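Report on one structure; see the data block that follows.
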Amino acid sequence: MVKELGVDIYRFSIAWSRIMPTGFSNEVNEHGIAYYSNLIDELLKNGITPMVTLYHWDLPQRLQEMGGWTNELIIDLFVEYARVLYERYGDRVKIWTTFNEPWQTCENSYSNDAMSPGYIFPGIPAYLCAHNLLKSHAEAVHLYWDEFKPVQQGSIGITLDSSWCEPASDSLEDRQAAERSLRFNLGWFANPIFSATGDYPLEMRETIARLSAAQGFPESRLPSFTPEEIARIRGTSEYFGLNTYGSSMVKANDGPYDPAAGPSHEHDTNVIGYADPSWEQSASTWLNIVPWGMRKLLNWIREEYNNPPLWITENGVSDFGGTMDDMRIDYLNDYLDAVLDAIDDGCDVKGYIAWSLMDNFEWRAGYVEKFGFYYVDFESTEKTRYPKASSKVLTNIVKTRQIDVNYRPQPDVLIPPPQGRH
């Protein structure tokens, strides 16, 4: 399918538990090693560059039982895992990503029951998770730079996720709220790596320290980096990986901070986000189709972080199925057009990777929301794949290097969406 699309890069993630079932390097699963090795070889044989992510939310269960990302022992264990991957695959993999969407790994896993392990413990463990994750990222990068890059000559970075935050009005309060939302979410992970200060955003540090004191904590719920850790983390990404899909309207919270509300990242940020009713809605309630938000977000990153080389590592839209997917065609054309506008603005965009190759399991949405360029017949024993109309549009863009909004091909096999779902 990748070859048929004509693209020259394929991004995939490795499951830690498939390589090291217990999480420790004393037990390496050679069948898991072979699985990914065969994939890498087949990609290279077909002229397709593998872009490999070390961690995409797959944590071995034994490590979670030790506290997961809230236990600082995870740092050395992650480095052990990274070493095995560099040793086994680094001769062929030339683009590495340490983490995919660390905000989801921490906030949606430890603060609320959205992702595994599904804790509902807001305001404390997510900050511990982020702190250890950032240090794990830095140590894995330094390991690569010190021991592997001189010979293997690859590059390494991190992928963060963010929506664009559009101020609900021109008022100072709403504009500040939108900025605060970007800094407390995207900046939470981007600032320590990409900013000149190499630390969490100043407003985030000051706000959480003040609220923690008001809530009766002896110290800030947001851990502090030592000067040595700041130096160790700052600059540890050779590119800025960005997963982005939609946008959010953001306005200031009318009321003051309420310490009695209890600690949470949402309370710390203190904004109200919502979807503009005029925005087109995808099959996913969280995904609003706002192409101009892509351009604004890319420019915000350019201005905030001194225009780092940037890969758009995920961008796509969901529907409820079928092979005639006009929404995806429009989304692809419009969002790529916004990327071109951002490049004209001066953004250093190096590449674009669409999500996703085929319909797949979308976390708690299961198999209902479809993101694929290829339809998967989940009712068949063979799980047969069929190219959607959008796959032909993507192939045409890759081949011609142009966006043709009038190109509306028919799919090879017309499969309608489920009855009543569009």
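Residues are referred to by chain and number: the chain letter is A, B, ... according to the order shown in the structure tokens, the number counts from 1 in that chain, and ligands are numbered separately from 1 in the order shown.
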
Please identify every residue of region 336-390 of chain A that has at least one atom no farther than 12 Å from an atom of region 318-328 of chain A, counting only C-alpha atoms, and for each give the shortest atom pair and the distance in Å to one decimal, arranged by chain then increasing number, as CSV.
residue,atom,partner,partner_atom,distance
A:Leu336,CA,A:Arg328,CA,11.9
A:Ala354,CA,A:Arg328,CA,10.7
A:Trp355,CA,A:Ser318,CA,9.5
A:Ser356,CA,A:Ser318,CA,9.6
A:Met358,CA,A:Gly321,CA,11.0
A:Asp359,CA,A:Gly321,CA,8.5
A:Asn360,CA,A:Ser318,CA,11.0
A:Glu362,CA,A:Ser318,CA,10.0
A:Ala365,CA,A:Ser318,CA,10.8
A:Gly366,CA,A:Phe320,CA,11.6
A:Tyr367,CA,A:Phe320,CA,9.1
A:Val368,CA,A:Phe320,CA,6.2
A:Glu369,CA,A:Phe320,CA,5.3
A:Lys370,CA,A:Ser318,CA,5.0
A:Phe371,CA,A:Ser318,CA,4.5
A:Gly372,CA,A:Ser318,CA,8.0
A:Phe373,CA,A:Arg328,CA,8.4
A:Tyr374,CA,A:Thr323,CA,7.7
A:Tyr375,CA,A:Thr323,CA,6.3
A:Val376,CA,A:Gly321,CA,9.1
A:Asp377,CA,A:Gly322,CA,9.8
A:Phe378,CA,A:Gly321,CA,11.2
A:Arg385,CA,A:Thr323,CA,10.4
A:Tyr386,CA,A:Thr323,CA,7.5
A:Pro387,CA,A:Thr323,CA,7.0
A:Lys388,CA,A:Thr323,CA,4.2
A:Ala389,CA,A:Met324,CA,5.4
A:Ser390,CA,A:Arg328,CA,6.3

Tell me, as JSON, numbers by chain, which residues lie within 12 Å of region 201-213 of chain A, counting only C-alpha atoms; anything in the same chain fewer than 3 positions away does not count. {"A": [123, 124, 127, 176, 177, 179, 180, 181, 182, 183, 184, 185, 186, 187, 188, 189, 190, 191, 192, 193, 194, 195, 196, 197, 198, 216, 217, 218, 219, 220, 221, 222, 223, 224, 225, 256, 257, 258, 259, 260, 261, 262, 263, 264, 265, 266, 267, 268, 269, 270, 304]}

List every residue of region 218-374 of chain A that DSSP, applied to the backbone of this structure, assigns to strand (DSSP E or B), and report them as a PyMOL selection string. chain A and resi 240-243+247-252+271-274+280-281+288-289+310-314+319+349-352+358+370+374

So which residues of region 166-341 of chain A fall under alpha helix (DSSP H) by DSSP, listed as an NGL selection string? :A and (172-194 or 202-214 or 227-233 or 265-269 or 291-304 or 326-341)

Preceding selection exported with C-alpha atoms as a JSON list (two decimals), in the first residue's frame:
[["chain", "number", "residue", "atom", "x", "y", "z"],
["A", 172, "LEU", "CA", -6.50, 40.97, 25.93],
["A", 173, "GLU", "CA", -7.89, 38.34, 28.30],
["A", 174, "ASP", "CA", -8.86, 35.93, 25.50],
["A", 175, "ARG", "CA", -5.60, 36.45, 23.64],
["A", 176, "GLN", "CA", -3.67, 35.75, 26.82],
["A", 177, "ALA", "CA", -5.82, 32.67, 27.46],
["A", 178, "ALA", "CA", -5.03, 31.25, 24.00],
["A", 179, "GLU", "CA", -1.30, 31.85, 24.53],
["A", 180, "ARG", "CA", -1.48, 30.30, 27.98],
["A", 181, "SER", "CA", -3.21, 27.22, 26.60],
["A", 182, "LEU", "CA", -0.48, 26.73, 23.99],
["A", 183, "ARG", "CA", 2.31, 27.21, 26.52],
["A", 184, "PHE", "CA", 0.77, 25.02, 29.24],
["A", 185, "ASN", "CA", 0.15, 22.18, 26.76],
["A", 186, "LEU", "CA", 2.54, 22.24, 23.79],
["A", 187, "GLY", "CA", 5.08, 24.36, 25.68],
["A", 188, "TRP", "CA", 5.03, 21.97, 28.63],
["A", 189, "PHE", "CA", 7.16, 19.59, 26.53],
["A", 190, "ALA", "CA", 8.54, 21.88, 23.82],
["A", 191, "ASN", "CA", 10.01, 24.57, 26.06],
["A", 192, "PRO", "CA", 12.59, 22.42, 27.87],
["A", 193, "ILE", "CA", 13.87, 21.09, 24.53],
["A", 194, "PHE", "CA", 13.46, 23.93, 22.04],
["A", 202, "LEU", "CA", 7.84, 30.76, 33.19],
["A", 203, "GLU", "CA", 4.10, 31.43, 33.55],
["A", 204, "MET", "CA", 3.49, 27.71, 34.03],
["A", 205, "ARG", "CA", 6.14, 27.46, 36.75],
["A", 206, "GLU", "CA", 4.90, 30.54, 38.58],
["A", 207, "THR", "CA", 1.21, 29.66, 38.34],
["A", 208, "ILE", "CA", 1.55, 26.07, 39.52],
["A", 209, "ALA", "CA", 3.86, 27.11, 42.38],
["A", 210, "ARG", "CA", 1.35, 29.73, 43.53],
["A", 211, "LEU", "CA", -1.63, 27.40, 43.27],
["A", 212, "SER", "CA", 0.24, 24.56, 44.97],
["A", 213, "ALA", "CA", 0.94, 26.80, 47.96],
["A", 214, "ALA", "CA", -2.70, 27.91, 48.10],
["A", 227, "PRO", "CA", 20.79, 23.56, 36.13],
["A", 228, "GLU", "CA", 22.58, 20.39, 35.02],
["A", 229, "GLU", "CA", 19.31, 18.80, 33.86],
["A", 230, "ILE", "CA", 18.35, 21.95, 31.96],
["A", 231, "ALA", "CA", 21.65, 21.86, 30.12],
["A", 232, "ARG", "CA", 21.22, 18.16, 29.47],
["A", 233, "ILE", "CA", 17.71, 18.48, 27.98],
["A", 265, "HIS", "CA", -3.65, 20.60, 34.85],
["A", 266, "GLU", "CA", -6.94, 21.97, 33.53],
["A", 267, "HIS", "CA", -7.37, 24.14, 36.63],
["A", 268, "ASP", "CA", -3.75, 25.27, 36.40],
["A", 269, "THR", "CA", -4.27, 26.38, 32.79],
["A", 291, "PRO", "CA", -7.23, 24.38, 7.75],
["A", 292, "TRP", "CA", -6.09, 27.92, 8.61],
["A", 293, "GLY", "CA", -5.32, 26.68, 12.12],
["A", 294, "MET", "CA", -2.47, 24.62, 10.65],
["A", 295, "ARG", "CA", -0.82, 27.73, 9.24],
["A", 296, "LYS", "CA", -1.22, 29.65, 12.49],
["A", 297, "LEU", "CA", 0.18, 26.81, 14.59],
["A", 298, "LEU", "CA", 3.23, 26.39, 12.36],
["A", 299, "ASN", "CA", 3.92, 30.10, 12.54],
["A", 300, "TRP", "CA", 3.49, 30.12, 16.32],
["A", 301, "ILE", "CA", 6.14, 27.40, 16.61],
["A", 302, "ARG", "CA", 8.39, 29.32, 14.21],
["A", 303, "GLU", "CA", 8.17, 32.47, 16.32],
["A", 304, "GLU", "CA", 8.23, 30.77, 19.73],
["A", 326, "ASP", "CA", -14.80, 13.46, -0.07],
["A", 327, "MET", "CA", -14.18, 14.87, 3.40],
["A", 328, "ARG", "CA", -10.68, 13.38, 3.47],
["A", 329, "ILE", "CA", -9.92, 14.67, -0.04],
["A", 330, "ASP", "CA", -10.94, 18.20, 0.95],
["A", 331, "TYR", "CA", -9.05, 17.95, 4.23],
["A", 332, "LEU", "CA", -5.84, 16.77, 2.54],
["A", 333, "ASN", "CA", -5.98, 19.48, -0.12],
["A", 334, "ASP", "CA", -6.85, 22.29, 2.28],
["A", 335, "TYR", "CA", -4.37, 21.37, 5.00],
["A", 336, "LEU", "CA", -1.52, 20.89, 2.54],
["A", 337, "ASP", "CA", -2.39, 24.28, 1.06],
["A", 338, "ALA", "CA", -2.11, 25.76, 4.56],
["A", 339, "VAL", "CA", 1.29, 24.09, 4.97],
["A", 340, "LEU", "CA", 2.45, 25.69, 1.71],
["A", 341, "ASP", "CA", 1.26, 29.07, 3.01]]

Write out as a short mmCIF file (atom, residue, chain, number, x, y, z; two decimals) with C-alpha atoms, in the first residue's frame which residues come within 8 Å of Tyr352 (chain A) when counting only C-alpha atoms, dropping same-chain ones fewer than 5 positions away.
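Once everything was written out, this is result23.cif:
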data_model
loop_
_atom_site.label_atom_id
_atom_site.label_comp_id
_atom_site.auth_asym_id
_atom_site.auth_seq_id
_atom_site.Cartn_x
_atom_site.Cartn_y
_atom_site.Cartn_z
CA TRP A 311 8.22 17.47 10.37
CA ILE A 312 4.44 17.23 10.33
CA THR A 313 4.39 13.65 11.57
CA GLU A 314 0.61 13.17 11.72
#

Excluding same-chain residues fewer than 5 positions from Ser116 (chain A), what lies within 9 Å of it counting only C-alpha atoms, as a ChimeraX atom specification? /A:57-58,105,108-110

Any chance you can output those residues with C-alpha atoms as a CSV table (one decimal), in the first residue's frame?
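again-v3.csv, written as the output of this step:
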chain,number,residue,atom,x,y,z
A,57,TRP,CA,2.3,4.5,24.6
A,58,ASP,CA,3.2,0.8,24.8
A,105,THR,CA,1.3,9.6,27.7
A,108,ASN,CA,-4.5,11.5,29.4
A,109,SER,CA,-3.1,8.5,31.2
A,110,TYR,CA,-2.5,9.6,34.8

Neighbour list for Ile272 (chain A) as a compact mmCIF listing (two decimals) with N, CA, C and O atoms, in the first residue's frame, cut-off 9 Å, only C-alpha atoms, skip fewer than 3 positions in-chain:
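Saved result, part_2.txt, follows:
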# COMPACT_ATOMS: atom_id res chain seq x y z
N ALA A 177 -5.36 34.02 27.17
CA ALA A 177 -5.82 32.67 27.46
C ALA A 177 -5.36 31.70 26.37
O ALA A 177 -4.94 30.57 26.67
N MET A 249 -11.35 26.97 19.89
CA MET A 249 -11.56 28.35 20.34
C MET A 249 -11.27 28.40 21.82
O MET A 249 -11.66 27.51 22.59
N VAL A 250 -10.57 29.43 22.25
CA VAL A 250 -10.17 29.54 23.64
C VAL A 250 -10.54 30.92 24.18
O VAL A 250 -10.26 31.93 23.54
N LYS A 251 -11.15 30.92 25.35
CA LYS A 251 -11.47 32.18 26.00
C LYS A 251 -11.04 32.11 27.46
O LYS A 251 -10.85 31.04 28.04
N ALA A 252 -10.90 33.28 28.04
CA ALA A 252 -10.51 33.35 29.44
C ALA A 252 -11.62 32.81 30.33
O ALA A 252 -12.80 32.97 30.05
N ASN A 253 -11.22 32.15 31.39
CA ASN A 253 -12.18 31.70 32.40
C ASN A 253 -12.63 32.93 33.19
O ASN A 253 -11.81 33.65 33.75

Considering only C-alpha atoms, can you say which of A:Ile403, A:Leu394, A:Ile40, A:Leu242 comes closest to Val349 (chain A)? A:Leu242

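When only C-alpha atoms are used to compute distances to Arg88 (chain A), the closest of the residues A:Pro277, A:Gly32, A:Gly47, A:Pro150 turns out to be A:Gly32.
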